[in-house]
file final.txt (compact mmCIF, C-alpha atoms)
# COMPACT_ATOMS: atom_id res chain seq x y z
CA MET A 6 24.35 1.61 -1.91
CA SER A 7 22.87 5.08 -2.14
CA GLN A 8 22.64 7.34 0.85
CA SER A 9 19.37 7.49 2.70
CA VAL A 10 16.84 10.19 1.90
CA SER A 11 16.34 12.76 4.68
CA PRO A 12 13.09 12.90 6.66
CA GLU A 13 12.52 16.47 5.41
CA VAL A 14 12.63 15.33 1.80
CA VAL A 15 10.31 12.39 2.48
CA ILE A 16 7.72 14.66 4.12
CA ASP A 17 8.08 17.30 1.41
CA ARG A 18 7.63 14.82 -1.41
CA LEU A 19 4.63 13.10 0.20
CA SER A 20 3.04 16.47 0.90
CA TRP A 21 3.60 17.46 -2.72
CA ARG A 22 1.63 14.55 -4.15
CA TYR A 23 -2.15 14.56 -4.63
CA ALA A 24 -4.67 12.59 -6.65
CA THR A 25 -4.13 14.31 -9.97
CA LYS A 26 -7.39 14.90 -11.81
CA LYS A 27 -6.07 16.60 -14.93
CA PHE A 28 -2.84 15.56 -16.61
CA ASP A 29 -0.69 17.49 -19.05
CA ILE A 30 -1.25 15.40 -22.15
CA THR A 31 1.98 16.65 -23.77
CA LYS A 32 4.37 15.42 -21.08
CA LYS A 33 5.71 11.88 -21.01
CA ILE A 34 7.56 10.14 -18.19
CA PRO A 35 11.19 9.47 -19.25
CA ASP A 36 12.09 5.78 -19.63
CA LYS A 37 14.54 5.80 -16.74
CA ILE A 38 11.93 7.09 -14.31
CA TRP A 39 9.27 4.75 -15.66
CA ASP A 40 11.66 1.82 -15.19
CA ALA A 41 12.03 2.79 -11.52
CA LEU A 42 8.25 2.97 -11.16
CA GLU A 43 7.96 -0.52 -12.62
CA GLN A 44 10.63 -1.66 -10.16
CA SER A 45 8.62 -0.18 -7.28
CA LEU A 46 5.84 -2.61 -8.24
CA VAL A 47 8.16 -5.58 -8.77
CA LEU A 48 9.99 -4.94 -5.47
CA ALA A 49 6.85 -4.42 -3.38
CA PRO A 50 6.50 -6.91 -0.53
CA SER A 51 3.60 -9.33 -0.24
CA SER A 52 2.34 -11.91 2.22
CA PHE A 53 4.71 -14.92 2.21
CA GLY A 54 6.35 -13.28 -0.80
CA LEU A 55 3.67 -14.82 -3.03
CA GLN A 56 3.34 -11.77 -5.30
CA PRO A 57 -0.29 -12.59 -6.11
CA TRP A 58 -0.49 -9.98 -8.83
CA LYS A 59 0.20 -8.85 -12.34
CA PHE A 60 0.61 -5.32 -13.61
CA PHE A 61 -0.67 -4.37 -17.04
CA VAL A 62 0.77 -1.26 -18.65
CA VAL A 63 -1.77 -0.15 -21.21
CA GLN A 64 -0.06 1.56 -24.13
CA ASN A 65 -2.64 0.96 -26.84
CA THR A 66 -4.50 4.25 -27.27
CA GLU A 67 -7.71 2.64 -28.55
CA LEU A 68 -7.76 0.39 -25.53
CA ARG A 69 -7.24 3.38 -23.23
CA THR A 70 -10.17 5.15 -24.88
CA LYS A 71 -12.29 2.05 -24.31
CA LEU A 72 -11.19 1.82 -20.66
CA ARG A 73 -11.99 5.49 -20.14
CA ALA A 74 -15.60 4.70 -21.08
CA SER A 75 -15.53 2.02 -18.37
CA SER A 76 -14.19 4.55 -15.83
CA TRP A 77 -16.96 7.15 -15.67
CA ASN A 78 -15.22 8.89 -18.58
CA GLN A 79 -12.43 10.14 -16.32
CA SER A 80 -9.83 11.91 -18.48
CA GLN A 81 -6.87 10.56 -16.51
CA VAL A 82 -7.30 7.18 -18.22
CA THR A 83 -6.42 8.57 -21.64
CA ASP A 84 -4.49 11.74 -20.80
CA ALA A 85 -1.86 10.56 -18.33
CA SER A 86 1.54 9.63 -19.67
CA HIS A 87 1.19 6.04 -18.45
CA LEU A 88 -1.69 3.86 -17.31
CA VAL A 89 -1.13 0.73 -15.27
CA VAL A 90 -3.83 -1.72 -14.24
CA LEU A 91 -3.03 -3.58 -11.02
CA ALA A 92 -4.62 -7.01 -11.09
CA ARG A 93 -4.77 -9.66 -8.38
CA LYS A 94 -4.71 -13.42 -8.81
CA LEU A 95 -8.18 -14.96 -8.60
CA ILE A 96 -6.98 -17.86 -6.48
CA ILE A 97 -3.94 -18.99 -4.53
CA ALA A 98 -3.40 -22.74 -4.75
CA SER A 99 -0.66 -25.29 -4.14
CA ALA A 100 0.74 -24.53 -7.59
CA ASP A 101 1.42 -20.93 -6.52
CA VAL A 102 3.34 -22.14 -3.49
CA GLU A 103 5.32 -24.58 -5.63
CA ARG A 104 6.11 -21.79 -8.06
CA LEU A 105 7.39 -19.53 -5.29
CA ALA A 106 9.41 -22.28 -3.63
CA ASN A 107 11.07 -23.08 -6.94
CA ARG A 108 11.80 -19.42 -7.49
CA ILE A 109 13.36 -19.02 -4.03
CA ALA A 110 15.54 -22.07 -4.64
CA LYS A 111 16.65 -20.75 -8.00
CA VAL A 112 17.42 -17.18 -6.89
CA ARG A 113 19.24 -18.27 -3.74
CA GLU A 114 20.93 -21.22 -5.43
CA ILE A 115 19.76 -23.74 -2.86
CA PRO A 116 17.86 -27.02 -3.22
CA VAL A 117 14.07 -26.74 -2.84
CA ALA A 118 14.37 -29.27 -0.01
CA ALA A 119 16.24 -26.64 2.02
CA ILE A 120 13.05 -24.56 2.29
CA ASN A 121 10.70 -27.45 2.87
CA ASP A 122 9.50 -26.14 6.24
CA TYR A 123 8.62 -22.76 4.77
CA LYS A 124 6.95 -24.40 1.81
CA ASN A 125 4.87 -26.70 4.02
CA MET A 126 3.87 -23.80 6.24
CA MET A 127 2.61 -21.91 3.17
CA LEU A 128 0.83 -25.00 1.83
CA GLY A 129 -0.85 -25.49 5.19
CA TYR A 130 -2.08 -21.90 5.17
CA VAL A 131 -3.24 -21.94 1.58
CA ASN A 132 -4.98 -25.31 1.78
CA ASN A 133 -6.43 -24.80 5.27
CA PRO A 134 -6.85 -21.06 5.65
CA PRO A 135 -8.11 -19.55 8.91
CA SER A 136 -11.88 -19.22 9.25
CA GLY A 137 -13.29 -16.19 7.49
CA PHE A 138 -10.32 -16.08 5.13
CA ASP A 139 -11.14 -14.59 1.73
CA VAL A 140 -8.50 -15.01 -0.96
CA GLY A 141 -9.90 -12.15 -3.04
CA SER A 142 -9.55 -9.73 -0.15
CA TRP A 143 -6.12 -11.11 0.81
CA ASN A 144 -4.71 -10.73 -2.68
CA ALA A 145 -6.32 -7.32 -3.13
CA LYS A 146 -4.63 -6.07 0.03
CA GLN A 147 -1.24 -7.15 -1.29
CA VAL A 148 -1.94 -5.32 -4.54
CA TYR A 149 -2.67 -2.17 -2.52
CA ILE A 150 0.79 -2.42 -0.93
CA ALA A 151 2.21 -2.40 -4.45
CA ALA A 152 0.02 0.60 -5.23
CA GLY A 153 1.40 2.34 -2.15
CA PHE A 154 4.95 1.62 -3.28
CA PHE A 155 4.23 2.98 -6.75
CA MET A 156 2.56 6.16 -5.52
CA SER A 157 5.27 6.76 -2.97
CA ALA A 158 8.09 6.17 -5.45
CA ALA A 159 6.34 8.47 -7.91
CA ALA A 160 6.10 11.22 -5.30
CA MET A 161 9.81 10.86 -4.52
CA MET A 162 10.67 11.28 -8.20
CA GLY A 163 8.24 14.13 -8.88
CA ILE A 164 5.74 12.10 -10.87
CA ASP A 165 2.03 12.70 -10.45
CA VAL A 166 -0.38 9.84 -9.98
CA CYS A 167 -4.12 9.42 -9.82
CA PRO A 168 -5.16 6.22 -8.05
CA MET A 169 -8.54 5.08 -9.35
CA GLU A 170 -11.17 2.74 -7.95
CA GLY A 171 -14.02 4.26 -9.96
CA PHE A 172 -14.35 1.85 -12.86
CA SER A 173 -16.11 -1.34 -13.89
CA ALA A 174 -13.76 -4.16 -12.95
CA ALA A 175 -15.83 -6.51 -15.12
CA ASP A 176 -15.30 -4.26 -18.15
CA TYR A 177 -11.57 -3.97 -17.46
CA ASP A 178 -11.24 -7.72 -17.02
CA LYS A 179 -12.98 -8.26 -20.34
CA ALA A 180 -11.03 -5.60 -22.25
CA LEU A 181 -7.70 -6.95 -20.98
CA ASN A 182 -8.64 -10.66 -21.06
CA LEU A 183 -7.74 -10.97 -17.40
CA THR A 184 -10.12 -13.74 -16.33
CA GLU A 185 -8.63 -16.21 -18.81
CA GLN A 186 -5.20 -15.42 -17.36
CA GLY A 187 -6.40 -15.96 -13.79
CA TYR A 188 -6.52 -12.30 -12.73
CA THR A 189 -9.04 -9.58 -11.98
CA THR A 190 -8.65 -5.81 -11.83
CA SER A 191 -8.08 -4.30 -8.36
CA LEU A 192 -6.92 -0.76 -8.93
CA VAL A 193 -5.81 1.55 -11.72
CA LEU A 194 -2.97 4.06 -11.52
CA ALA A 195 -2.62 6.88 -14.02
CA ALA A 196 0.83 8.48 -13.91
CA GLY A 197 2.37 11.52 -15.55
CA TYR A 198 2.49 15.25 -14.95
CA ARG A 199 -0.23 17.48 -13.52
CA ALA A 200 -1.80 20.02 -15.88
CA GLU A 201 -1.06 23.59 -14.81
CA ASP A 202 -4.77 24.29 -14.57
CA ASP A 203 -5.71 21.22 -12.53
CA VAL A 204 -7.81 22.81 -9.81
CA SER A 205 -7.12 19.87 -7.50
CA GLY A 206 -3.44 20.74 -7.64
CA THR A 207 -3.82 24.01 -5.79
CA ALA A 208 -6.41 22.88 -3.23
CA LYS A 209 -5.02 22.36 0.25
CA LYS A 210 -4.43 18.73 1.18
CA VAL A 211 -7.07 17.44 3.57
CA ARG A 212 -6.09 15.09 6.36
CA TYR A 213 -7.40 14.69 9.87
CA GLU A 214 -5.26 16.02 12.66
CA LYS A 215 -2.54 13.56 13.59
CA ASN A 216 -3.99 13.02 17.05
CA GLU A 217 -7.27 11.92 15.46
CA VAL A 218 -5.70 9.11 13.43
CA LEU A 219 -2.70 8.19 15.54
CA ALA A 220 -2.48 7.28 19.20
CA TYR A 221 0.26 6.19 21.59
CA ILE A 222 -0.40 3.35 23.95
CA MET B 26 10.02 22.24 -2.04
CA SER B 27 12.77 19.65 -1.96
CA GLN B 28 14.34 18.32 -5.09
CA SER B 29 13.08 15.02 -6.43
CA VAL B 30 14.86 11.81 -5.54
CA SER B 31 16.65 10.14 -8.46
CA PRO B 32 15.37 6.85 -9.92
CA GLU B 33 18.68 5.20 -9.00
CA VAL B 34 18.23 6.09 -5.34
CA VAL B 35 14.60 4.90 -5.34
CA ILE B 36 15.58 1.51 -6.80
CA ASP B 37 18.58 1.20 -4.45
CA ARG B 38 16.55 1.95 -1.37
CA LEU B 39 13.68 -0.37 -2.30
CA SER B 40 16.18 -3.14 -3.10
CA TRP B 41 17.85 -2.59 0.27
CA ARG B 42 14.70 -3.22 2.28
CA TYR B 43 13.51 -6.68 3.32
CA ALA B 44 11.12 -8.12 5.91
CA THR B 45 13.43 -7.87 8.91
CA LYS B 46 13.14 -10.91 11.14
CA LYS B 47 15.65 -9.96 13.83
CA PHE B 48 16.03 -6.40 15.08
CA ASP B 49 18.94 -4.83 16.95
CA ILE B 50 17.29 -4.28 20.31
CA THR B 51 19.78 -1.55 21.28
CA LYS B 52 19.02 0.81 18.39
CA LYS B 53 16.19 3.32 18.50
CA ILE B 54 14.77 5.35 15.63
CA PRO B 55 15.53 9.06 16.18
CA ASP B 56 12.47 11.27 16.81
CA LYS B 57 12.88 13.22 13.60
CA ILE B 58 12.81 10.08 11.47
CA TRP B 59 9.95 8.58 13.45
CA ASP B 60 7.98 11.80 12.94
CA ALA B 61 8.43 11.41 9.18
CA LEU B 62 7.26 7.80 9.38
CA GLU B 63 4.14 8.93 11.23
CA GLN B 64 3.61 11.55 8.52
CA SER B 65 3.87 8.85 5.84
CA LEU B 66 0.81 7.24 7.47
CA VAL B 67 -1.05 10.50 7.95
CA LEU B 68 -0.36 11.60 4.37
CA ALA B 69 -1.26 8.29 2.74
CA PRO B 70 -4.13 8.56 0.26
CA SER B 71 -7.41 6.69 0.67
CA SER B 72 -10.59 6.18 -1.27
CA PHE B 73 -12.60 9.44 -1.31
CA GLY B 74 -10.05 10.69 1.23
CA LEU B 75 -12.04 9.01 4.00
CA GLN B 76 -8.96 7.85 5.95
CA PRO B 77 -10.85 4.86 7.39
CA TRP B 78 -8.07 4.05 9.81
CA LYS B 79 -6.25 4.66 13.03
CA PHE B 80 -2.64 3.92 13.85
CA PHE B 81 -1.67 2.75 17.33
CA VAL B 82 1.96 3.15 18.34
CA VAL B 83 2.53 0.67 21.13
CA GLN B 84 5.13 1.97 23.55
CA ASN B 85 4.12 0.07 26.68
CA THR B 86 6.61 -2.80 27.05
CA GLU B 87 4.24 -5.07 28.95
CA LEU B 88 1.66 -4.62 26.22
CA ARG B 89 4.25 -5.44 23.58
CA THR B 90 5.15 -8.62 25.47
CA LYS B 91 1.49 -9.54 25.54
CA LEU B 92 1.08 -8.82 21.83
CA ARG B 93 4.14 -10.94 21.05
CA ALA B 94 2.33 -13.90 22.60
CA SER B 95 -0.56 -13.18 20.21
CA SER B 96 1.85 -13.09 17.26
CA TRP B 97 3.30 -16.60 17.24
CA ASN B 98 5.96 -15.31 19.65
CA GLN B 99 7.71 -13.41 16.88
CA SER B 100 10.56 -11.39 18.39
CA GLN B 101 10.01 -8.38 16.14
CA VAL B 102 7.00 -7.38 18.26
CA THR B 103 9.11 -6.70 21.33
CA ASP B 104 12.57 -6.12 19.87
CA ALA B 105 12.00 -3.54 17.17
CA SER B 106 12.48 0.11 18.07
CA HIS B 107 8.84 0.92 17.30
CA LEU B 108 5.66 -1.09 16.84
CA VAL B 109 2.63 0.32 15.09
CA VAL B 110 -0.70 -1.42 14.76
CA LEU B 111 -2.65 -0.37 11.67
CA ALA B 112 -6.38 -0.61 12.35
CA ARG B 113 -9.28 -0.09 10.00
CA LYS B 114 -12.69 1.33 10.80
CA LEU B 115 -15.33 -1.36 11.30
CA ILE B 116 -17.95 0.55 9.34
CA ILE B 117 -18.27 3.58 7.09
CA ALA B 118 -21.53 5.44 7.61
CA SER B 119 -23.07 8.82 6.86
CA ALA B 120 -21.35 10.22 9.95
CA ASP B 121 -17.94 9.47 8.41
CA VAL B 122 -18.88 11.33 5.27
CA GLU B 123 -20.15 14.29 7.33
CA ARG B 124 -16.92 14.30 9.30
CA LEU B 125 -14.80 14.36 6.15
CA ALA B 126 -16.94 17.04 4.49
CA ASN B 127 -16.61 19.22 7.57
CA ARG B 128 -12.87 18.67 7.61
CA ILE B 129 -12.51 19.59 3.93
CA ALA B 130 -14.52 22.76 4.52
CA LYS B 131 -12.38 23.69 7.52
CA VAL B 132 -8.99 23.00 5.91
CA ARG B 133 -9.88 24.74 2.66
CA GLU B 134 -11.79 27.54 4.36
CA ILE B 135 -14.92 27.09 2.29
CA PRO B 136 -18.55 26.52 3.28
CA VAL B 137 -19.62 22.86 3.47
CA ALA B 138 -22.31 23.74 0.91
CA ALA B 139 -19.54 24.31 -1.65
CA ILE B 140 -18.73 20.60 -1.64
CA ASN B 141 -22.30 19.38 -1.54
CA ASP B 142 -22.01 17.45 -4.79
CA TYR B 143 -18.94 15.59 -3.57
CA LYS B 144 -20.57 14.92 -0.24
CA ASN B 145 -23.74 13.58 -1.84
CA MET B 146 -21.72 11.38 -4.18
CA MET B 147 -19.94 9.87 -1.18
CA LEU B 148 -23.20 9.47 0.74
CA GLY B 149 -24.74 7.71 -2.24
CA TYR B 150 -21.81 5.31 -2.42
CA VAL B 151 -21.69 4.63 1.30
CA ASN B 152 -25.43 4.18 1.73
CA ASN B 153 -25.98 2.28 -1.53
CA PRO B 154 -22.70 0.53 -2.24
CA PRO B 155 -22.24 -1.53 -5.42
CA SER B 156 -23.28 -5.19 -5.22
CA GLY B 157 -20.65 -7.37 -3.59
CA PHE B 158 -19.20 -4.41 -1.75
CA ASP B 159 -17.58 -5.33 1.56
CA VAL B 160 -16.66 -2.45 3.85
CA GLY B 161 -14.15 -4.54 5.79
CA SER B 162 -12.24 -5.38 2.65
CA TRP B 163 -12.51 -1.81 1.33
CA ASN B 164 -11.14 -0.27 4.50
CA ALA B 165 -8.45 -2.93 4.82
CA LYS B 166 -7.20 -2.13 1.33
CA GLN B 167 -6.87 1.54 2.22
CA VAL B 168 -4.89 0.58 5.33
CA TYR B 169 -2.55 -1.42 3.11
CA ILE B 170 -1.84 1.70 1.06
CA ALA B 171 -0.79 3.40 4.28
CA ALA B 172 1.37 0.37 5.07
CA GLY B 173 2.97 0.70 1.64
CA PHE B 174 3.67 4.38 2.28
CA PHE B 175 5.24 3.61 5.66
CA MET B 176 7.45 0.79 4.38
CA SER B 177 8.49 2.81 1.38
CA ALA B 178 9.30 5.91 3.45
CA ALA B 179 11.22 3.72 5.90
CA ALA B 180 13.29 2.24 3.08
CA MET B 181 14.08 5.73 1.78
CA MET B 182 15.33 6.79 5.21
CA GLY B 183 17.26 3.58 5.95
CA ILE B 184 14.83 2.19 8.50
CA ASP B 185 14.08 -1.52 8.61
CA VAL B 186 10.54 -2.79 8.80
CA CYS B 187 8.86 -6.12 9.27
CA PRO B 188 5.26 -6.14 8.03
CA MET B 189 3.27 -8.74 9.95
CA GLU B 190 -0.02 -10.50 9.23
CA GLY B 191 0.74 -13.47 11.48
CA PHE B 192 -1.17 -12.60 14.65
CA SER B 193 -4.57 -12.99 16.25
CA ALA B 194 -6.54 -9.90 15.29
CA ALA B 195 -9.08 -10.75 17.98
CA ASP B 196 -6.35 -10.75 20.63
CA TYR B 197 -4.92 -7.47 19.37
CA ASP B 198 -8.37 -5.86 19.27
CA LYS B 199 -8.94 -6.93 22.85
CA ALA B 200 -5.53 -5.87 24.16
CA LEU B 201 -5.84 -2.43 22.54
CA ASN B 202 -9.58 -1.97 23.16
CA LEU B 203 -10.14 -1.44 19.47
CA THR B 204 -13.69 -2.76 19.07
CA GLU B 205 -15.09 -0.23 21.53
CA GLN B 206 -13.42 2.51 19.50
CA GLY B 207 -14.86 1.21 16.23
CA TYR B 208 -11.68 -0.31 14.81
CA THR B 209 -10.11 -3.69 14.18
CA THR B 210 -6.50 -4.69 13.56
CA SER B 211 -5.45 -5.07 9.92
CA LEU B 212 -1.68 -5.21 9.92
CA VAL B 213 1.28 -4.69 12.23
CA LEU B 214 4.53 -2.96 11.34
CA ALA B 215 7.66 -3.39 13.42
CA ALA B 216 10.30 -0.76 12.64
CA GLY B 217 13.88 -0.24 13.69
CA TYR B 218 17.30 -1.53 12.68
CA ARG B 219 18.23 -5.00 11.46
CA ALA B 220 20.42 -7.10 13.73
CA GLU B 221 23.80 -7.80 12.18
CA ASP B 222 23.16 -11.52 12.44
CA ASP B 223 19.68 -11.52 10.92
CA VAL B 224 20.04 -14.32 8.38
CA SER B 225 17.18 -12.87 6.33
CA GLY B 226 19.26 -9.76 5.83
CA THR B 227 21.87 -11.48 3.71
CA ALA B 228 19.56 -13.75 1.72
CA LYS B 229 19.04 -12.65 -1.86
CA LYS B 230 15.71 -10.90 -2.49
CA VAL B 231 13.26 -13.15 -4.28
CA ARG B 232 10.98 -11.70 -6.92
CA TYR B 233 9.61 -13.15 -10.12
CA GLU B 234 11.16 -11.94 -13.34
CA LYS B 235 9.64 -8.63 -14.39
CA ASN B 236 8.12 -10.17 -17.52
CA GLU B 237 6.22 -12.65 -15.34
CA VAL B 238 4.46 -9.96 -13.28
CA LEU B 239 4.30 -7.07 -15.72
CA ALA B 240 2.96 -6.95 -19.25
CA TYR B 241 2.53 -4.27 -21.90
CA ILE B 242 -0.70 -4.12 -23.83

call {"tool": "encode", "arguments": {"input": "final.txt", "output": "structure tokens"}}
result
Amino acid sequence: MSQSVSPEVVIDRLSWRYATKKFDITKKIPDKIWDALEQSLVLAPSSFGLQPWKFFVVQNTELRTKLRASSWNQSQVTDASHLVVLARKLIIASADVERLANRIAKVREIPVAAINDYKNMMLGYVNNPPSGFDVGSWNAKQVYIAAGFFMSAAAMMGIDVCPMEGFSAADYDKALNLTEQGYTTSLVLAAGYRAEDDVSGTAKKVRYEKNEVLAYI
Amino acid sequence: MSQSVSPEVVIDRLSWRYATKKFDITKKIPDKIWDALEQSLVLAPSSFGLQPWKFFVVQNTELRTKLRASSWNQSQVTDASHLVVLARKLIIASADVERLANRIAKVREIPVAAINDYKNMMLGYVNNPPSGFDVGSWNAKQVYIAAGFFMSAAAMMGIDVCPMEGFSAADYDKALNLTEQGYTTSLVLAAGYRAEDDVSGTAKKVRYEKNEVLAYI
């Protein structure tokens, strides 16, 4: 197991990151770092461990050009080294619980019966959710945890990211055939290296004072 | 600026973390590390930079006992070194945009007029959101990014976290007087150190195979 990272480094790296508006089109993320970024998505936690998501890494340049047109023509979509579309499952049903229970049993080499209580608890929640429950919102929130993991891991490794909500989800879903697969687009992350002349890169980071967003009780 | 963290360390640290069910009640997070965890929340990105959130660090032990009762009696609420309640703003209105614009102007030492276009774009979005837009869901998603930043930063620094959705938000809102302040509880994070006998700590991490949750197009 690796040593922990120091608090100074964590703060430095998170202060270094910003929503990169202009990427250096010539620089590509090395495979080893990209693999770790993929792992940050795979390893992200989710409610009940259901992982109600799928991540689509768009490599096809024609497709990226098409998606850019569906994203207010933002250059990050085509110019960043990598583009990943974070999609959420459209529904969560008994089959998803069965799938997870089977996976737990397989990974931990135990019979499915050994996790029956956990499975039934999940089934109860999924089939009789609390009032006001919205599966779209629930799954989207989990996807945003994964986005947080990706952006944070990227910052640690010195990779720039632009998180994007400004796009037509319907267009993305169509271009990537997501609906047929049971998913819909939640968020898009462009990753790579900031262009030297990205004006956003030199602007001071804007956050409210800590005492405005954090309180002790 | 600190050196980047290696991909090996990032993967190791994220593999090390898990949703800690039993905390060592005797171990407290040192101030310097807790400060960095607070910064991971403060520095988390959000849509338009609006930071539609507030983070409540609950130190009062009686209050934590009360909140435990509103959280299916889960021991993490009282036993973890620190407990932070992540709340989202109930609404986003013109005043929030004004507040952010003023903050940008102050931090960057520019006149507010210099960011008029950005301000008007935000006002247009907030006052005429796209069809189907739900401010509760939008703000909650931003809060989950902050949660992702916190959990990720904790993992980097060797701090255990249990993210919790299993509680009565209404009870939390009441106990913390959140409604009056314009917030509601989204998510709770208990942070500290795993107990040696936490059975969850030795169970193998369960994730789907990468090719089931990630695809290249």

call {"tool": "interface_residues", "arguments": {"input": "final.txt", "of": "chain B", "to": "chain A", "cutoff": "6 Å", "atoms": "all atoms listed in the file", "output": "PyMOL selection string"}}
result
chain B and resi 27+29-30+32+34+58+61+79-84+129+133+162+166+169-170+173-174+177+181-183+229+231+238-242

call {"tool": "write_last_selection", "arguments": {"input": "final.txt", "atoms": "C-alpha atoms", "output": "PDB file, in the coordinates of the input"}}
result
ATOM      1  CA  SER B  27      12.770  19.650  -1.960  1.00  0.00           C
ATOM      2  CA  SER B  29      13.080  15.020  -6.430  1.00  0.00           C
ATOM      3  CA  VAL B  30      14.860  11.810  -5.540  1.00  0.00           C
ATOM      4  CA  PRO B  32      15.370   6.850  -9.920  1.00  0.00           C
ATOM      5  CA  VAL B  34      18.230   6.090  -5.340  1.00  0.00           C
ATOM      6  CA  ILE B  58      12.810  10.080  11.470  1.00  0.00           C
ATOM      7  CA  ALA B  61       8.430  11.410   9.180  1.00  0.00           C
ATOM      8  CA  LYS B  79      -6.250   4.660  13.030  1.00  0.00           C
ATOM      9  CA  PHE B  80      -2.640   3.920  13.850  1.00  0.00           C
ATOM     10  CA  PHE B  81      -1.670   2.750  17.330  1.00  0.00           C
ATOM     11  CA  VAL B  82       1.960   3.150  18.340  1.00  0.00           C
ATOM     12  CA  VAL B  83       2.530   0.670  21.130  1.00  0.00           C
ATOM     13  CA  GLN B  84       5.130   1.970  23.550  1.00  0.00           C
ATOM     14  CA  ILE B 129     -12.510  19.590   3.930  1.00  0.00           C
ATOM     15  CA  ARG B 133      -9.880  24.740   2.660  1.00  0.00           C
ATOM     16  CA  SER B 162     -12.240  -5.380   2.650  1.00  0.00           C
ATOM     17  CA  LYS B 166      -7.200  -2.130   1.330  1.00  0.00           C
ATOM     18  CA  TYR B 169      -2.550  -1.420   3.110  1.00  0.00           C
ATOM     19  CA  ILE B 170      -1.840   1.700   1.060  1.00  0.00           C
ATOM     20  CA  GLY B 173       2.970   0.700   1.640  1.00  0.00           C
ATOM     21  CA  PHE B 174       3.670   4.380   2.280  1.00  0.00           C
ATOM     22  CA  SER B 177       8.490   2.810   1.380  1.00  0.00           C
ATOM     23  CA  MET B 181      14.080   5.730   1.780  1.00  0.00           C
ATOM     24  CA  MET B 182      15.330   6.790   5.210  1.00  0.00           C
ATOM     25  CA  GLY B 183      17.260   3.580   5.950  1.00  0.00           C
ATOM     26  CA  LYS B 229      19.040 -12.650  -1.860  1.00  0.00           C
ATOM     27  CA  VAL B 231      13.260 -13.150  -4.280  1.00  0.00           C
ATOM     28  CA  VAL B 238       4.460  -9.960 -13.280  1.00  0.00           C
ATOM     29  CA  LEU B 239       4.300  -7.070 -15.720  1.00  0.00           C
ATOM     30  CA  ALA B 240       2.960  -6.950 -19.250  1.00  0.00           C
ATOM     31  CA  TYR B 241       2.530  -4.270 -21.900  1.00  0.00           C
ATOM     32  CA  ILE B 242      -0.700  -4.120 -23.830  1.00  0.00           C
TER      33      ILE B 242
END

call {"tool": "atom_distance", "arguments": {"input": "final.txt", "atom1": "CA of Asn132 in chain A", "atom2": "CA of Ile96 in chain A"}}
result
11.3 Å

call {"tool": "atom_distance", "arguments": {"input": "final.txt", "atom1": "CA of Ala120 in chain B", "atom2": "CA of Leu148 in chain B"}}
result
9.4 Å

call {"tool": "atom_distance", "arguments": {"input": "final.txt", "atom1": "CA of Asp101 in chain A", "atom2": "CA of Tyr130 in chain A"}}
result
12.2 Å

call {"tool": "closest_residue", "arguments": {"input": "final.txt", "among": "A:Asp202, A:Ala74, A:Ser173, A:Glu103", "to": "Ser156 in chain B", "atoms": "only C-alpha atoms"}}
result
A:Ser173

call {"tool": "closest_residue", "arguments": {"input": "final.txt", "among": "A:Pro135, A:Gln186, A:Ala200, A:Val102", "to": "Asn121 in chain A", "atoms": "only C-alpha atoms"}}
result
A:Val102

call {"tool": "build_atoms", "arguments": {"input": "final.txt", "residues": "range 25-34 of chain A", "atoms": "N, CA and C atoms", "output": "PDB file, keeping the file's coordinate frame"}}
result
ATOM      1  N   THR A  25      -4.095  13.404  -8.826  1.00  0.00           N
ATOM      2  CA  THR A  25      -4.130  14.310  -9.970  1.00  0.00           C
ATOM      3  C   THR A  25      -5.352  14.033 -10.853  1.00  0.00           C
ATOM      4  N   LYS A  26      -6.157  15.082 -11.034  1.00  0.00           N
ATOM      5  CA  LYS A  26      -7.390  14.900 -11.810  1.00  0.00           C
ATOM      6  C   LYS A  26      -7.199  15.247 -13.279  1.00  0.00           C
ATOM      7  N   LYS A  27      -6.287  16.179 -13.544  1.00  0.00           N
ATOM      8  CA  LYS A  27      -6.070  16.600 -14.930  1.00  0.00           C
ATOM      9  C   LYS A  27      -4.580  16.535 -15.251  1.00  0.00           C
ATOM     10  N   PHE A  28      -4.239  15.719 -16.231  1.00  0.00           N
ATOM     11  CA  PHE A  28      -2.840  15.560 -16.610  1.00  0.00           C
ATOM     12  C   PHE A  28      -2.481  16.433 -17.802  1.00  0.00           C
ATOM     13  N   ASP A  29      -1.216  16.801 -17.873  1.00  0.00           N
ATOM     14  CA  ASP A  29      -0.690  17.490 -19.050  1.00  0.00           C
ATOM     15  C   ASP A  29      -0.438  16.434 -20.116  1.00  0.00           C
ATOM     16  N   ILE A  30      -1.270  16.473 -21.137  1.00  0.00           N
ATOM     17  CA  ILE A  30      -1.250  15.400 -22.150  1.00  0.00           C
ATOM     18  C   ILE A  30       0.034  15.411 -22.982  1.00  0.00           C
ATOM     19  N   THR A  31       0.773  16.533 -22.933  1.00  0.00           N
ATOM     20  CA  THR A  31       1.980  16.650 -23.770  1.00  0.00           C
ATOM     21  C   THR A  31       3.233  16.087 -23.099  1.00  0.00           C
ATOM     22  N   LYS A  32       3.147  15.831 -21.801  1.00  0.00           N
ATOM     23  CA  LYS A  32       4.370  15.420 -21.080  1.00  0.00           C
ATOM     24  C   LYS A  32       4.419  13.921 -20.833  1.00  0.00           C
ATOM     25  N   LYS A  33       5.530  13.322 -21.182  1.00  0.00           N
ATOM     26  CA  LYS A  33       5.710  11.880 -21.010  1.00  0.00           C
ATOM     27  C   LYS A  33       6.794  11.586 -19.964  1.00  0.00           C
ATOM     28  N   ILE A  34       6.573  10.565 -19.188  1.00  0.00           N
ATOM     29  CA  ILE A  34       7.560  10.140 -18.190  1.00  0.00           C
ATOM     30  C   ILE A  34       8.768   9.544 -18.913  1.00  0.00           C
TER      31      ILE A  34
END
